[in-house]
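Content type CSV, N, CA and C atoms, from the file structure_27.csv:
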```
chain,number,residue,atom,x,y,z
A,1,MET,N,85.9,122.7,116.1
A,1,MET,CA,85.3,121.5,116.5
A,1,MET,C,85.3,121.4,118.0
A,2,LEU,N,84.2,121.1,118.6
A,2,LEU,CA,84.1,121.0,120.0
A,2,LEU,C,84.3,119.5,120.4
A,3,ASN,N,85.0,119.3,121.6
A,3,ASN,CA,85.2,118.0,122.1
A,3,ASN,C,85.9,117.1,121.2
A,4,THR,N,87.0,117.5,120.5
A,4,THR,CA,87.7,116.7,119.6
A,4,THR,C,88.5,115.7,120.4
A,5,THR,N,88.5,114.4,119.9
A,5,THR,CA,89.2,113.3,120.5
A,5,THR,C,90.3,112.9,119.6
A,6,PHE,N,91.5,112.8,120.3
A,6,PHE,CA,92.7,112.4,119.5
A,6,PHE,C,93.1,111.0,120.0
A,7,THR,N,93.8,110.3,119.2
A,7,THR,CA,94.4,109.0,119.6
A,7,THR,C,95.9,109.1,119.3
A,8,ALA,N,96.6,108.1,119.8
A,8,ALA,CA,98.1,108.1,119.6
A,8,ALA,C,98.4,108.0,118.1
A,9,PRO,N,99.5,108.6,117.7
A,9,PRO,CA,99.9,108.5,116.3
A,9,PRO,C,100.1,107.0,115.9
A,10,ASP,N,99.7,106.7,114.7
A,10,ASP,CA,99.9,105.3,114.2
A,10,ASP,C,100.2,105.3,112.7
A,11,LEU,N,101.4,105.1,112.4
A,11,LEU,CA,101.9,105.2,111.0
A,11,LEU,C,101.2,104.1,110.1
A,12,THR,N,100.9,102.9,110.7
A,12,THR,CA,100.2,101.9,109.9
A,12,THR,C,98.9,102.4,109.4
A,13,THR,N,98.1,102.9,110.3
A,13,THR,CA,96.7,103.4,110.0
A,13,THR,C,96.8,104.6,109.1
A,14,PHE,N,97.7,105.6,109.5
A,14,PHE,CA,97.8,106.8,108.7
A,14,PHE,C,98.1,106.6,107.2
A,15,THR,N,98.9,105.6,106.9
A,15,THR,CA,99.3,105.3,105.5
A,15,THR,C,98.4,104.2,104.9
A,16,ASN,N,97.4,103.7,105.7
A,16,ASN,CA,96.5,102.7,105.2
A,16,ASN,C,97.3,101.4,104.9
A,17,LEU,N,98.4,101.1,105.5
A,17,LEU,CA,99.1,99.9,105.3
A,17,LEU,C,98.3,98.7,105.8
A,18,ASP,N,97.5,98.9,106.9
A,18,ASP,CA,96.7,97.8,107.4
A,18,ASP,C,95.7,97.3,106.3
A,19,GLY,N,95.3,98.1,105.4
A,19,GLY,CA,94.4,97.7,104.3
A,19,GLY,C,95.2,96.8,103.3
A,20,LEU,N,96.5,96.9,103.3
A,20,LEU,CA,97.4,96.0,102.4
A,20,LEU,C,97.9,94.8,103.2
A,21,GLY,N,97.5,94.6,104.4
A,21,GLY,CA,98.0,93.5,105.2
A,21,GLY,C,99.4,93.7,105.7
A,22,LEU,N,99.8,95.0,105.9
A,22,LEU,CA,101.2,95.3,106.4
A,22,LEU,C,101.1,96.1,107.7
A,23,THR,N,102.2,96.0,108.5
A,23,THR,CA,102.4,96.7,109.7
A,23,THR,C,103.7,97.5,109.6
A,24,ALA,N,103.6,98.8,109.8
A,24,ALA,CA,104.9,99.6,109.9
A,24,ALA,C,105.7,99.3,111.1
A,25,ILE,N,107.0,99.0,111.0
A,25,ILE,CA,107.8,98.7,112.1
A,25,ILE,C,109.0,99.7,112.2
A,26,GLY,N,109.2,100.5,111.2
A,26,GLY,CA,110.3,101.5,111.3
A,26,GLY,C,110.2,102.5,110.2
A,27,GLN,N,110.9,103.6,110.3
A,27,GLN,CA,110.9,104.6,109.3
A,27,GLN,C,112.3,105.3,109.2
A,28,HIS,N,112.6,105.8,108.0
A,28,HIS,CA,113.8,106.5,107.7
A,28,HIS,C,113.4,107.7,106.9
A,29,LEU,N,113.7,108.9,107.3
A,29,LEU,CA,113.4,110.1,106.6
A,29,LEU,C,114.7,110.8,106.2
A,30,SER,N,114.7,111.2,104.9
A,30,SER,CA,115.8,112.0,104.4
A,30,SER,C,115.3,113.1,103.6
A,31,ALA,N,116.1,114.0,103.1
A,31,ALA,CA,115.6,115.1,102.3
A,31,ALA,C,115.0,114.6,100.9
A,32,ALA,N,115.5,113.5,100.5
A,32,ALA,CA,115.1,113.0,99.2
A,32,ALA,C,113.8,112.1,99.2
A,33,LYS,N,113.7,111.3,100.3
A,33,LYS,CA,112.6,110.4,100.4
A,33,LYS,C,112.3,110.0,101.8
A,34,ALA,N,111.1,109.3,102.0
A,34,ALA,CA,110.7,108.8,103.3
A,34,ALA,C,110.5,107.3,103.0
A,35,GLU,N,111.1,106.4,103.9
A,35,GLU,CA,111.0,105.0,103.7
A,35,GLU,C,110.3,104.4,105.0
A,36,ILE,N,109.4,103.5,104.8
A,36,ILE,CA,108.7,102.8,105.8
A,36,ILE,C,109.0,101.3,105.7
A,37,LEU,N,109.6,100.8,106.8
A,37,LEU,CA,109.9,99.3,106.9
A,37,LEU,C,108.6,98.6,107.4
A,38,CYS,N,108.2,97.6,106.7
A,38,CYS,CA,107.0,96.9,107.0
A,38,CYS,C,107.2,95.4,107.2
A,39,HIS,N,106.3,94.8,107.9
A,39,HIS,CA,106.2,93.3,108.0
A,39,HIS,C,104.8,92.9,107.6
A,40,VAL,N,104.6,91.8,107.0
A,40,VAL,CA,103.3,91.2,106.6
A,40,VAL,C,102.6,90.9,107.9
A,41,THR,N,101.4,91.4,108.1
A,41,THR,CA,100.6,91.2,109.3
A,41,THR,C,100.2,89.7,109.4
A,42,ASN,N,99.6,89.1,108.4
A,42,ASN,CA,99.2,87.7,108.5
A,42,ASN,C,99.9,87.0,107.3
A,43,PRO,N,101.1,86.4,107.5
A,43,PRO,CA,101.8,85.8,106.3
A,43,PRO,C,101.0,84.6,105.8
A,44,ASN,N,101.1,84.4,104.5
A,44,ASN,CA,100.5,83.2,103.9
A,44,ASN,C,101.6,82.5,103.2
A,45,PRO,N,102.0,81.3,103.8
A,45,PRO,CA,103.2,80.6,103.2
A,45,PRO,C,102.9,79.8,102.0
A,46,TRP,N,101.7,79.9,101.5
A,46,TRP,CA,101.3,79.0,100.3
A,46,TRP,C,101.5,79.8,99.0
A,47,CYS,N,102.1,79.1,98.0
A,47,CYS,CA,102.3,79.7,96.7
A,47,CYS,C,100.9,79.8,96.0
A,48,GLN,N,100.6,80.9,95.5
A,48,GLN,CA,99.3,81.1,94.8
A,48,GLN,C,99.3,80.5,93.4
A,49,THR,N,100.4,80.1,92.9
A,49,THR,CA,100.5,79.5,91.6
A,49,THR,C,100.4,78.0,91.6
A,50,CYS,N,101.3,77.4,92.5
A,50,CYS,CA,101.3,75.9,92.5
A,50,CYS,C,100.7,75.3,93.7
A,51,GLY,N,100.4,76.1,94.8
A,51,GLY,CA,99.8,75.6,96.0
A,51,GLY,C,100.7,75.0,97.0
A,52,ALA,N,102.0,75.0,96.7
A,52,ALA,CA,103.0,74.4,97.6
A,52,ALA,C,103.4,75.4,98.7
A,53,ALA,N,103.9,74.9,99.8
A,53,ALA,CA,104.4,75.7,100.9
A,53,ALA,C,105.8,76.3,100.4
A,54,GLY,N,106.0,77.6,100.8
A,54,GLY,CA,107.2,78.2,100.4
A,54,GLY,C,107.7,79.1,101.6
A,55,ILE,N,108.9,79.7,101.4
A,55,ILE,CA,109.5,80.6,102.3
A,55,ILE,C,110.0,81.8,101.6
A,56,PRO,N,109.9,83.0,102.2
A,56,PRO,CA,110.4,84.2,101.6
A,56,PRO,C,111.9,84.2,101.5
A,57,ARG,N,112.5,84.7,100.5
A,57,ARG,CA,113.9,84.7,100.3
A,57,ARG,C,114.5,86.1,100.2
A,58,ASP,N,113.7,87.1,100.0
A,58,ASP,CA,114.3,88.5,99.9
A,58,ASP,C,113.2,89.5,100.2
A,59,THR,N,113.4,90.8,100.0
A,59,THR,CA,112.5,91.8,100.2
A,59,THR,C,112.2,92.5,98.9
A,60,VAL,N,111.1,93.3,98.9
A,60,VAL,CA,110.7,94.0,97.7
A,60,VAL,C,110.6,95.5,98.1
A,61,THR,N,111.1,96.3,97.2
A,61,THR,CA,110.9,97.8,97.5
A,61,THR,C,109.8,98.2,96.5
A,62,ARG,N,108.9,98.9,97.1
A,62,ARG,CA,107.7,99.5,96.3
A,62,ARG,C,107.8,101.0,96.4
A,63,ARG,N,107.7,101.7,95.2
A,63,ARG,CA,107.6,103.1,95.2
A,63,ARG,C,106.1,103.5,95.2
A,64,LEU,N,105.7,104.3,96.1
A,64,LEU,CA,104.4,104.8,96.3
A,64,LEU,C,104.2,106.2,95.9
A,65,ALA,N,103.1,106.5,95.2
A,65,ALA,CA,102.8,107.9,94.9
A,65,ALA,C,102.0,108.5,96.0
A,66,HIS,N,102.1,109.8,96.2
A,66,HIS,CA,101.3,110.5,97.2
A,66,HIS,C,100.0,110.8,96.7
```
Could you express the structure from this file as structure tokens?
Amino acid sequence: MLNTTFTAPDLTTFTNLDGLGLTAIGQHLSAAKAEILCHVTNPNPWCQTCGAAGIPRDTVTRRLAH
């Protein structure tokens, strides 16, 4: 390829987290797994069930397939 243009590495874009409304803010790599710490890009404080305002109380771990 002639005149290839590169940009700075971006874990959020590489893993398509921006499509899920998430931003990667950290990573932890081990022999068994890779973990990516994320924050919600545009938080929505409203409950989708009852419509009331709410606050997050914990985190959720999601296992992703490659």
Q. Which polymer residues have any atom within 8 Å of an atom of range 25-27 of chain A, counting all atoms listed in the file, with same-chain residues fewer than 4 positions away left out, as a count of residues only?
A. 8
(Q) Residues near Thr15 in chain A, anyone? I mean within 12 Å using only C-alpha atoms, not counting same-chain ones fewer than 4 positions away, as a count of residues only. (A) 15
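Reported to one decimal place, the separation of atom C of Lys33 in chain A from CA of Arg63 in chain A is 10.6 Å.
One finds atom N of Asn16 in chain A at 25.2 Å from CA of Gln48 in chain A.
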Q.
For a test of reading the model, state the distance in Å between CA of Thr59 in chain A and CA of Val40 in chain A, rounded to one decimal.
A. 11.2 Å
Q: Could you tell me, as a list in words, which residues of chain A DSSP assigns to strand (DSSP E or B) when given the backbone?
A: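 For chain A, the strand (DSSP E or B) set is Leu22, Thr23, Ala24, Ile25, Gly26, Gln27, His28, Leu29, Ala34, Glu35, Ile36, Leu37, Cys38, His39, Val40, Trp46 and Ala53 of chain A.
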